[in-house]
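coords-v4.pdb (PDB, C-alpha atoms)
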```pdb
ATOM      1  CA  MET A1397      10.138  12.938  -9.791
ATOM      2  CA  LYS A1398       6.631  14.237  -9.145
ATOM      3  CA  VAL A1399       5.343  13.840  -5.592
ATOM      4  CA  ARG A1400       1.719  14.007  -4.479
ATOM      5  CA  GLU A1401       0.485  13.753  -0.916
ATOM      6  CA  LEU A1402      -2.598  11.570  -0.673
ATOM      7  CA  SER A1403      -5.669  12.321   1.420
ATOM      8  CA  ILE A1404      -4.420   9.819   4.026
ATOM      9  CA  PRO A1405      -1.906  11.619   6.291
ATOM     10  CA  GLY A1406       1.617  10.371   5.717
ATOM     11  CA  ALA A1407       0.885   8.557   2.424
ATOM     12  CA  TYR A1408       2.419   9.751  -0.846
ATOM     13  CA  ALA A1409       2.527   8.901  -4.553
ATOM     14  CA  PHE A1410       5.893   9.219  -6.316
ATOM     15  CA  THR A1411       5.868   9.373 -10.121
ATOM     16  CA  PRO A1412       9.252   9.298 -11.883
ATOM     17  CA  GLU A1413      10.177  10.369 -15.370
ATOM     18  CA  VAL A1414      10.097   7.507 -17.899
ATOM     19  CA  PHE A1415      12.715   7.441 -20.682
ATOM     20  CA  HIS A1416      11.594   5.751 -23.891
ATOM     21  CA  ASP A1417      13.642   4.683 -26.906
ATOM     22  CA  ASP A1418      13.529   1.987 -29.577
ATOM     23  CA  ARG A1419      14.669  -0.621 -27.031
ATOM     24  CA  GLY A1420      11.845   0.039 -24.593
ATOM     25  CA  ALA A1421      11.806   2.194 -21.484
ATOM     26  CA  PHE A1422      13.798   2.995 -18.345
ATOM     27  CA  THR A1423      12.591   4.538 -15.097
ATOM     28  CA  SER A1424      13.580   4.829 -11.434
ATOM     29  CA  PRO A1425      10.549   4.550  -9.113
ATOM     30  CA  PHE A1426      12.590   5.502  -6.048
ATOM     31  CA  HIS A1427      14.772   8.588  -5.600
ATOM     32  CA  GLU A1428      16.307   9.037  -2.171
ATOM     33  CA  ASP A1429      16.529  12.827  -2.577
ATOM     34  CA  ALA A1430      12.843  13.182  -3.485
ATOM     35  CA  PHE A1431      11.777  10.920  -0.638
ATOM     36  CA  GLY A1432      13.959  12.736   1.885
ATOM     37  CA  GLU A1433      12.776  16.173   0.791
ATOM     38  CA  THR A1434       9.152  15.044   1.090
ATOM     39  CA  LEU A1435       9.225  13.192   4.411
ATOM     40  CA  GLY A1436      12.198  14.902   6.008
ATOM     41  CA  ARG A1437      14.049  11.614   6.505
ATOM     42  CA  PRO A1438      15.422   8.773   4.404
ATOM     43  CA  LEU A1439      13.459   5.703   3.422
ATOM     44  CA  PHE A1440      13.391   3.055   6.131
ATOM     45  CA  PRO A1441      16.148   0.423   6.138
ATOM     46  CA  VAL A1442      14.659  -2.288   3.919
ATOM     47  CA  ALA A1443      14.074  -5.422   5.984
ATOM     48  CA  GLN A1444      12.342  -7.370   3.222
ATOM     49  CA  ALA A1445      11.552  -7.068  -0.480
ATOM     50  CA  SER A1446       8.571  -9.053  -1.780
ATOM     51  CA  THR A1447       6.660  -9.539  -5.019
ATOM     52  CA  SER A1448       3.215 -10.807  -5.894
ATOM     53  CA  ARG A1449       1.834 -11.855  -9.280
ATOM     54  CA  SER A1450      -1.926 -11.839  -9.814
ATOM     55  CA  ARG A1451      -4.377 -12.616 -12.564
ATOM     56  CA  ARG A1452      -7.013 -10.086 -13.618
ATOM     57  CA  GLY A1453      -9.657  -9.572 -10.929
ATOM     58  CA  VAL A1454      -7.582 -10.736  -7.963
ATOM     59  CA  VAL A1455      -8.122  -8.623  -4.834
ATOM     60  CA  ARG A1456      -5.422  -8.562  -2.151
ATOM     61  CA  GLY A1457      -6.316  -6.733   1.052
ATOM     62  CA  VAL A1458      -7.257  -4.809   3.099
ATOM     63  CA  HIS A1459      -4.005  -5.717   4.877
ATOM     64  CA  PHE A1460      -2.021  -4.031   7.649
ATOM     65  CA  THR A1461       0.225  -5.100  10.518
ATOM     66  CA  ALA A1462      -0.134  -4.881  14.266
ATOM     67  CA  LEU A1463       1.936  -2.704  16.592
ATOM     68  CA  PRO A1464       4.638  -2.777  17.798
ATOM     69  CA  GLY A1465       6.876  -3.798  14.924
ATOM     70  CA  SER A1466       4.405  -2.778  12.237
ATOM     71  CA  MET A1467       5.710  -2.136   8.743
ATOM     72  CA  ALA A1468       5.796   0.786   6.370
ATOM     73  CA  LYS A1469       5.688  -0.063   2.651
ATOM     74  CA  TYR A1470       6.970   1.335  -0.626
ATOM     75  CA  VAL A1471       4.901  -0.305  -3.378
ATOM     76  CA  GLN A1472       5.120  -0.241  -7.170
ATOM     77  CA  CYS A1473       3.658  -2.168 -10.109
ATOM     78  CA  ALA A1474       6.393  -3.868 -12.154
ATOM     79  CA  GLY A1475       4.091  -5.607 -14.631
ATOM     80  CA  GLY A1476       0.515  -5.064 -15.781
ATOM     81  CA  ARG A1477      -1.817  -2.619 -14.008
ATOM     82  CA  ALA A1478      -3.451  -2.428 -10.593
ATOM     83  CA  LEU A1479      -5.947  -0.187  -8.870
ATOM     84  CA  ASP A1480      -4.329   0.398  -5.491
ATOM     85  CA  PHE A1481      -6.212   1.589  -2.412
ATOM     86  CA  VAL A1482      -4.669   3.285   0.618
ATOM     87  CA  ILE A1483      -7.048   2.960   3.590
ATOM     88  CA  ASP A1484      -6.732   4.669   6.954
ATOM     89  CA  VAL A1485      -7.461   1.984   9.549
ATOM     90  CA  ARG A1486      -5.584   3.757  12.368
ATOM     91  CA  ALA A1487      -7.957   4.122  15.317
ATOM     92  CA  GLY A1488      -8.143   7.779  16.362
ATOM     93  CA  SER A1489      -6.874   9.158  13.058
ATOM     94  CA  PRO A1490      -8.623  12.307  11.792
ATOM     95  CA  THR A1491      -9.170  10.472   8.488
ATOM     96  CA  PHE A1492     -10.147   7.101  10.006
ATOM     97  CA  GLY A1493     -12.019   4.998   7.451
ATOM     98  CA  ARG A1494     -11.041   7.201   4.510
ATOM     99  CA  SER A1495      -9.490   5.674   1.404
ATOM    100  CA  GLU A1496      -7.884   6.866  -1.796
ATOM    101  CA  ALA A1497      -7.362   4.900  -4.995
ATOM    102  CA  VAL A1498      -4.345   5.286  -7.276
ATOM    103  CA  GLU A1499      -3.859   3.355 -10.507
ATOM    104  CA  LEU A1500      -0.391   1.847 -10.737
ATOM    105  CA  ALA A1501       0.975   0.731 -14.103
ATOM    106  CA  ALA A1502       4.306  -0.761 -15.061
ATOM    107  CA  ASP A1503       4.784   1.693 -17.915
ATOM    108  CA  GLU A1504       4.329   4.724 -15.643
ATOM    109  CA  GLY A1505       6.459   3.754 -12.648
ATOM    110  CA  THR A1506       4.348   5.417  -9.946
ATOM    111  CA  ALA A1507       5.109   4.105  -6.465
ATOM    112  CA  LEU A1508       3.205   4.552  -3.207
ATOM    113  CA  TYR A1509       4.583   5.131   0.253
ATOM    114  CA  LEU A1510       2.283   3.720   2.961
ATOM    115  CA  PRO A1511       3.167   4.719   6.521
ATOM    116  CA  ILE A1512       2.993   2.390   9.493
ATOM    117  CA  GLY A1513      -0.533   1.249  10.371
ATOM    118  CA  VAL A1514      -2.193   2.204   7.088
ATOM    119  CA  GLY A1515      -4.217  -0.437   5.256
ATOM    120  CA  HIS A1516      -3.452  -1.562   1.706
ATOM    121  CA  LEU A1517      -5.521  -3.240  -0.989
ATOM    122  CA  PHE A1518      -5.117  -3.621  -4.724
ATOM    123  CA  VAL A1519      -7.127  -5.110  -7.561
ATOM    124  CA  ALA A1520      -5.256  -6.557 -10.539
ATOM    125  CA  LEU A1521      -6.593  -5.007 -13.741
ATOM    126  CA  GLU A1522      -4.620  -7.294 -16.066
ATOM    127  CA  ASP A1523      -3.314 -10.839 -15.997
ATOM    128  CA  ASP A1524       0.221 -11.221 -14.642
ATOM    129  CA  THR A1525       0.041  -7.988 -12.671
ATOM    130  CA  THR A1526       3.240  -7.947 -10.632
ATOM    131  CA  MET A1527       3.617  -5.830  -7.512
ATOM    132  CA  VAL A1528       6.916  -5.117  -5.772
ATOM    133  CA  TYR A1529       7.031  -4.178  -2.085
ATOM    134  CA  LEU A1530       9.894  -2.751  -0.049
ATOM    135  CA  LEU A1531       9.090  -3.343   3.629
ATOM    136  CA  SER A1532      10.452  -1.805   6.806
ATOM    137  CA  ALA A1533       9.919  -5.039   8.771
ATOM    138  CA  ALA A1534      10.054  -8.702   7.877
ATOM    139  CA  TYR A1535       6.826 -10.652   7.476
ATOM    140  CA  ARG A1536       5.573 -12.209  10.703
ATOM    141  CA  ALA A1537       2.319 -14.157  10.457
ATOM    142  CA  GLU A1538       1.233 -13.267  13.988
ATOM    143  CA  LYS A1539       1.427  -9.553  13.123
ATOM    144  CA  GLU A1540      -0.753  -9.759  10.019
ATOM    145  CA  ARG A1541      -4.238  -8.228  10.185
ATOM    146  CA  ALA A1542      -7.025  -7.731   7.631
ATOM    147  CA  VAL A1543     -10.330  -5.918   7.175
ATOM    148  CA  HIS A1544     -12.990  -7.151   4.754
ATOM    149  CA  PRO A1545     -12.488  -5.512   1.329
ATOM    150  CA  LEU A1546     -16.241  -5.297   0.674
ATOM    151  CA  ASP A1547     -17.110  -3.680   4.018
ATOM    152  CA  PRO A1548     -19.815  -1.096   3.183
ATOM    153  CA  GLN A1549     -18.310   1.332   5.694
ATOM    154  CA  LEU A1550     -15.157   1.533   3.572
ATOM    155  CA  SER A1551     -17.140   2.065   0.340
ATOM    156  CA  LEU A1552     -14.200   1.008  -1.822
ATOM    157  CA  GLU A1553     -15.135   1.512  -5.466
ATOM    158  CA  LEU A1554     -13.740  -1.694  -6.915
ATOM    159  CA  PRO A1555     -13.745  -1.780 -10.730
ATOM    160  CA  ALA A1556     -16.939  -2.943 -12.399
ATOM    161  CA  GLY A1557     -16.883  -5.771 -14.902
ATOM    162  CA  LEU A1558     -14.271  -7.851 -13.114
ATOM    163  CA  GLU A1559     -14.799 -11.313 -11.682
ATOM    164  CA  LEU A1560     -13.295 -10.635  -8.277
ATOM    165  CA  SER A1561     -11.186 -13.304  -6.608
ATOM    166  CA  MET A1562      -9.894 -13.119  -3.042
ATOM    167  CA  SER A1563      -8.344 -15.379  -0.449
ATOM    168  CA  GLU A1564     -10.312 -17.152   2.272
ATOM    169  CA  ARG A1565      -8.546 -14.916   4.784
ATOM    170  CA  ASP A1566      -9.866 -11.779   3.097
ATOM    171  CA  ARG A1567     -13.365 -13.192   2.534
ATOM    172  CA  THR A1568     -13.689 -13.929   6.250
ATOM    173  CA  ALA A1569     -11.955 -10.798   7.589
ATOM    174  CA  PRO A1570     -13.909  -8.623  10.042
ATOM    175  CA  THR A1571     -15.496  -5.334   9.103
ATOM    176  CA  LEU A1572     -13.775  -2.125  10.137
ATOM    177  CA  ALA A1573     -16.273  -1.643  12.981
ATOM    178  CA  ASP A1574     -15.787  -5.202  14.243
ATOM    179  CA  ALA A1575     -12.000  -4.895  14.032
ATOM    180  CA  LEU A1576     -12.189  -1.665  16.030
ATOM    181  CA  ALA A1577     -14.436  -3.264  18.658
ATOM    182  CA  GLN A1578     -12.074  -6.247  18.939
ATOM    183  CA  GLY A1579      -9.036  -4.002  19.424
ATOM    184  CA  LEU A1580      -7.393  -5.206  16.209
ATOM    185  CA  LEU A1581      -6.710  -1.790  14.691
ATOM    186  CA  PRO A1582      -3.481   0.107  15.291
ATOM    187  CA  ASP A1583      -3.629   3.293  17.352
ATOM    188  CA  TYR A1584      -2.992   6.460  15.368
ATOM    189  CA  GLY A1585      -0.734   8.081  17.966
ATOM    190  CA  ALA A1586       1.280   4.898  18.436
ATOM    191  CA  CYS A1587       1.684   4.590  14.658
ATOM    192  CA  LEU A1588       3.054   8.125  14.419
ATOM    193  CA  ALA A1589       5.459   7.474  17.277
ATOM    194  CA  GLU A1590       6.722   4.285  15.663
ATOM    195  CA  GLU A1591       6.942   5.958  12.243
ATOM    196  CA  THR A1592       8.997   8.834  13.628
ATOM    197  CA  GLY A1593      11.418   6.462  15.253
ATOM    198  CA  ASP A1594      11.565   4.121  12.251
ATOM    199  CA  GLY A1595      15.165   3.443  11.290
ATOM    200  CA  ARG A1596      16.641   5.893  13.809
ATOM    201  CA  ASP A1597      17.788   3.548  16.544
TER     202      ASP A1597
END
```
Will you turn the file into structure tokens for me?
Amino acid sequence: MKVRELSIPGAYAFTPEVFHDDRGAFTSPFHEDAFGETLGRPLFPVAQASTSRSRRGVVRGVHFTALPGSMAKYVQCAGGRALDFVIDVRAGSPTFGRSEAVELAADEGTALYLPIGVGHLFVALEDDTTMVYLLSAAYRAEKERAVHPLDPQLSLELPAGLELSMSERDRTAPTLADALAQGLLPDYGACLAEETGDGRD
């Protein structure tokens, strides 16, 4: 398992070995030992596992959850390909507003760990792109937050040549500056405190 820390504090990419033979391929996108050695603690107790399937050009995000009870995520692509963005929307973070893109593909098995309070967006690069999410908290509609994916302040370099499709919720989401002014963004210090205590009650 190869591990790479992203430019967003607390976010990591995990890339496993893929075993190929004449039947196909086998890989394990999560290794408890590798995760524990990297973060110094086990993966959160999984409260919910979810999947999404998207056609080429679909944009989902920028999504995050409100404190308290925000969720950390472990995300992989189980079918197709996606360009995945990790965005720091934690107010007060030293990398506030920064993003990093990682291509996720089913045949490579790379998974991303997104800590509490960090924003997430992906663009499906192929039809039937399937994403799998392990979540530290169950979905609660009242906790869901979003920032506009085309906000110039974020400067997300979405792939050219795609006919982008997004939900009404994402099309009408506030900019990062507006979300900050409205008090919608999670506090960096509070996120770290909740992350440290995650799963240790």
Report as a PyMOL selection string all protein, DNA and RNA residues lying within 6 Å of Lys1469 (chain A), evaluated on only C-alpha atoms, omitting residues in the same chain fewer than 4 positions from it. chain A and resi 1509-1510+1530-1531
Could you list the residues chosen by the PyMOL selection byres ((chain A and resi 1529) around 7) in this structure as a short mmCIF file (atom, residue, chain, number, x, y, z; two decimals) with C-alpha atoms, keeping the file's coordinate frame?
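Contents of expr_29.cif, as written:
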```cif
data_model
loop_
_atom_site.label_atom_id
_atom_site.label_comp_id
_atom_site.auth_asym_id
_atom_site.auth_seq_id
_atom_site.Cartn_x
_atom_site.Cartn_y
_atom_site.Cartn_z
CA ALA A 1445 11.55 -7.07 -0.48
CA SER A 1446 8.57 -9.05 -1.78
CA THR A 1447 6.66 -9.54 -5.02
CA LYS A 1469 5.69 -0.06 2.65
CA TYR A 1470 6.97 1.34 -0.63
CA VAL A 1471 4.90 -0.30 -3.38
CA GLN A 1472 5.12 -0.24 -7.17
CA MET A 1527 3.62 -5.83 -7.51
CA VAL A 1528 6.92 -5.12 -5.77
CA LEU A 1530 9.89 -2.75 -0.05
CA LEU A 1531 9.09 -3.34 3.63
#
```
Could you make a table, as a Markdown table, of the residues of region 1448-1563 of chain A that have an atom within 8 Å of an atom of region 1414-1438 of chain A, each with its nearest atom pair and distance in Å to one decimal, counting all atoms listed in the file, in chain and number order?
```
| residue | atom | partner | partner_atom | distance |
| --- | --- | --- | --- | --- |
| A:Gln1472 | CA | A:Pro1425 | CA | 7.5 |
| A:Asp1503 | CA | A:Val1414 | CA | 7.9 |
| A:Glu1504 | CA | A:Val1414 | CA | 6.8 |
| A:Gly1505 | CA | A:Pro1425 | CA | 5.5 |
| A:Thr1506 | CA | A:Pro1425 | CA | 6.3 |
| A:Ala1507 | CA | A:Pro1425 | CA | 6.1 |
```
Using all atoms listed in the file, which of A:Ile1512, A:Phe1481, A:Ser1489, A:Leu1576 sits nearest Leu1402 (chain A)? A:Phe1481
Selection near Pro1548 (chain A), 12 Å with only C-alpha atoms, sequence-local residues under 2 positions removed, as an NGL selection string: :A and (1493 or 1543-1546 or 1550-1554 or 1570-1573)
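CA of Ala1407 (chain A) sits 16.6 Å away from CA of Gly1488 (chain A).
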So that I can see what lies close to Ser1403 (chain A), please list as a ChimeraX atom specification the residues with an atom at most 12 Å from it, counting all atoms listed in the file and leaving out residues fewer than 6 positions away in the same chain. /A:1409,1481-1484,1490-1498,1510
Between A:Leu1463, A:Ala1501, A:Ile1404, A:Cys1587, which is the closest to Glu1540 (chain A) once you count only C-alpha atoms? A:Leu1463
As JSON, numbers by chain, please: the residues near Lys1398 (chain A) (cut-off 8 Å, all atoms listed in the file, same-chain neighbours under 2 positions excluded). {"A": [1400, 1410, 1411, 1412]}
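Separating CA of Ser1448 (chain A) from CA of Arg1541 (chain A) is a distance of 17.9 Å.
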I would like the residues chosen by the PyMOL selection byres ((chain A and resi 1452) around 9) on the shown file; could you give them as a ChimeraX atom specification? /A:1450-1451,1453-1455,1478,1519-1525,1558-1561
